[in-house]
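A.B. asks: Pasting in a structure now, in structure tokens, and then I'll have a few things to ask.
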There are 2 protein chains.
Amino acid sequence: MIDELDRRILAILQVDASINNQDLAERVHASAPTCLRRVKRLREIGVIERQVTLLSPTALGPSLTAIVELSLDIQSAERLDAFEARVAGEAAVMQCYRVSPGPDFVLVVQVADMPAYHALVHRLFNAAANVRNVRAFFSVQRTKFETALPL
Amino acid sequence: MIDELDRRILAILQVDASINNQDLAERVHASAPTCLRRVKRLREIGVIERQVTLLSPTALGPSLTAIVELSLDIQSAERLDAFEARVAGEAAVMQCYRVSPGPDFVLVVQVADMPAYHALVHRLFNAAANVRNVRAFFSVQRTKFETALPL
DNA sequence: GCTGAAATCACACATTA
DNA sequence: TAATGTGTGATTTCAGC
């Protein structure tokens, strides 16, 4: 399904989506049309989900990243799904992982400042009666941020 | 420095980097050259860091995501930097945050399976004598993964 | 994998507020 | 004067062969 050439293509695209097709073709030692076909197929079968632009988190003014772990009162599928839906609607929530063991969710949130963080927590957690426990760490600096999956 | 038009451009590019310049221009109600100039400038001043391709984490076969919190024995700047450098070299480590309070680092790691996870932990943590404490959660499912900063 | 038509991009220049 | 809009040449994409 995914051969060696596909992998080489993906490895490059993961790191640099702005590369043009013929440069890509050159780097993977294939012809441009072949390369294009592969990319198109990888997109169609869902291996390539989307291409995004990463912005510098500091360039747009100060911002605060927090890692938030939280546990719900009741871990039924309905409650977990409902909470997840709430969380997904918050623009400040960058990532949400349903985990085990430990807390039920780990969130990575990005807000402008401490008041904004507080407002988010209040809106999201205090309002939802079924949050039992919250534990948060504030990121002093983001050392590494890779979106590239190991191939 | 960053005006309303820039913001509109960024909001779109964050979500879709594959959009072409004239479609982008149309959506932000600007001419194509203006749009192109803005994007170029945003890239130059570092607001736009890079464009990447996001792959489906499941499409390439099974994989395991873990959130790993760890504390070092000694929190001197040198030790922290040294650990950070080790971590940055591991392809399986997708994200690394230096946090406070709580543990010293929070990592998001992505590996093929449990043995691979174990090997990583052994390589990274056990080998480095200055890791005091490790706590890991395994992600059952990644609910949300946004790279877009709230504008 | 190659070639050619169609679209797209990128840049210099004129223009306006 | 600084940002916008117009036009043209060069690339790039993408179809058929």
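Naming scheme: A, B, ... for chains in displayed order of the structure tokens; residues 1 onward per chain; ligands 1 onward as shown.
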So that I can check the surroundings of segment 2-13 of chain D, please list as a list in words every protein, DNA and RNA residue that reaches within 9 Å of it, counting only C-alpha atoms (C1' of nucleotides) and ignoring chain neighbours fewer than 6 positions away.
C.D. replies: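 My reading of the contact set: Asn20, Asn21 and Gln22 of chain A; Ser31, Pro33 and Thr34 of chain B; DA6, DA7, DT8, DC9, DA10, DC13, DA14, DT15 and DT16 of chain C.
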A.B. asks: Could you list, as a list in words, every residue of chain C that has an atom within 12 Å of an atom of chain A, counting only C-alpha atoms (C1' of nucleotides)?
C.D. replies: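 Every residue meeting the condition is included here: DG1, DC2, DT3 and DC9 of chain C.
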A.B. asks: Skipping near chain neighbours, those fewer than 3 positions away, what residues fall within 9 Å of Gly61 of chain A using only C-alpha atoms (C1' of nucleotides), listed as number ranges by chain?
C.D. replies: A: 57-58, 112
A.B. asks: I want to know what sits within 12 Å of Ile19 of chain A, based on only C-alpha atoms (C1' of nucleotides), with residues of the same chain fewer than 4 positions away left out; could you give that as a ChimeraX atom specification?
C.D. replies: /A:9-10,12-15,23-27,51 /B:17-18,50-53 /D:12
A.B. asks: Listing only residues of chain A within 6 Å of chain B, what is the closest atom pair and its distance in Å (to one decimal) for each, using only C-alpha atoms, sorted by chain and residue number ascending, as a tab-separated table?
C.D. replies:
residue	atom	partner	partner_atom	distance
A:Leu13	CA	B:Thr53	CA	5.6
A:Gln14	CA	B:Thr53	CA	4.5
A:Val15	CA	B:Val52	CA	5.3
A:Asp16	CA	B:Val52	CA	5.0
A:Ala17	CA	B:Val52	CA	4.5
A:Ser18	CA	B:Gln51	CA	5.9
A:Val47	CA	B:Ser56	CA	5.2
A:Ile48	CA	B:Leu55	CA	4.6
A:Glu49	CA	B:Leu55	CA	5.2
A:Arg50	CA	B:Leu54	CA	5.4
A:Gln51	CA	B:Thr53	CA	4.4
A:Val52	CA	B:Ala17	CA	4.5
A:Thr53	CA	B:Gln51	CA	4.3
A:Leu54	CA	B:Arg50	CA	5.4
A:Leu55	CA	B:Ile48	CA	4.6
A:Ser56	CA	B:Val47	CA	5.2
A:Ala59	CA	B:Val47	CA	5.3
A:Met94	CA	B:Glu146	CA	4.8
A:Gln95	CA	B:Phe145	CA	4.6
A:Cys96	CA	B:Lys144	CA	5.0
A:Tyr97	CA	B:Arg142	CA	4.7
A:Arg98	CA	B:Ser139	CA	5.5
A:Val99	CA	B:Ser139	CA	4.2
A:Ser100	CA	B:Phe138	CA	5.4
A:Pro101	CA	B:Phe137	CA	5.7
A:Phe137	CA	B:Ser100	CA	5.5
A:Phe138	CA	B:Val99	CA	5.2
A:Ser139	CA	B:Val99	CA	4.2
A:Val140	CA	B:Val99	CA	5.4
A:Gln141	CA	B:Arg98	CA	5.5
A:Arg142	CA	B:Tyr97	CA	4.7
A:Thr143	CA	B:Cys96	CA	5.4
A:Lys144	CA	B:Cys96	CA	4.9
A:Phe145	CA	B:Gln95	CA	4.6
A:Glu146	CA	B:Met94	CA	4.8
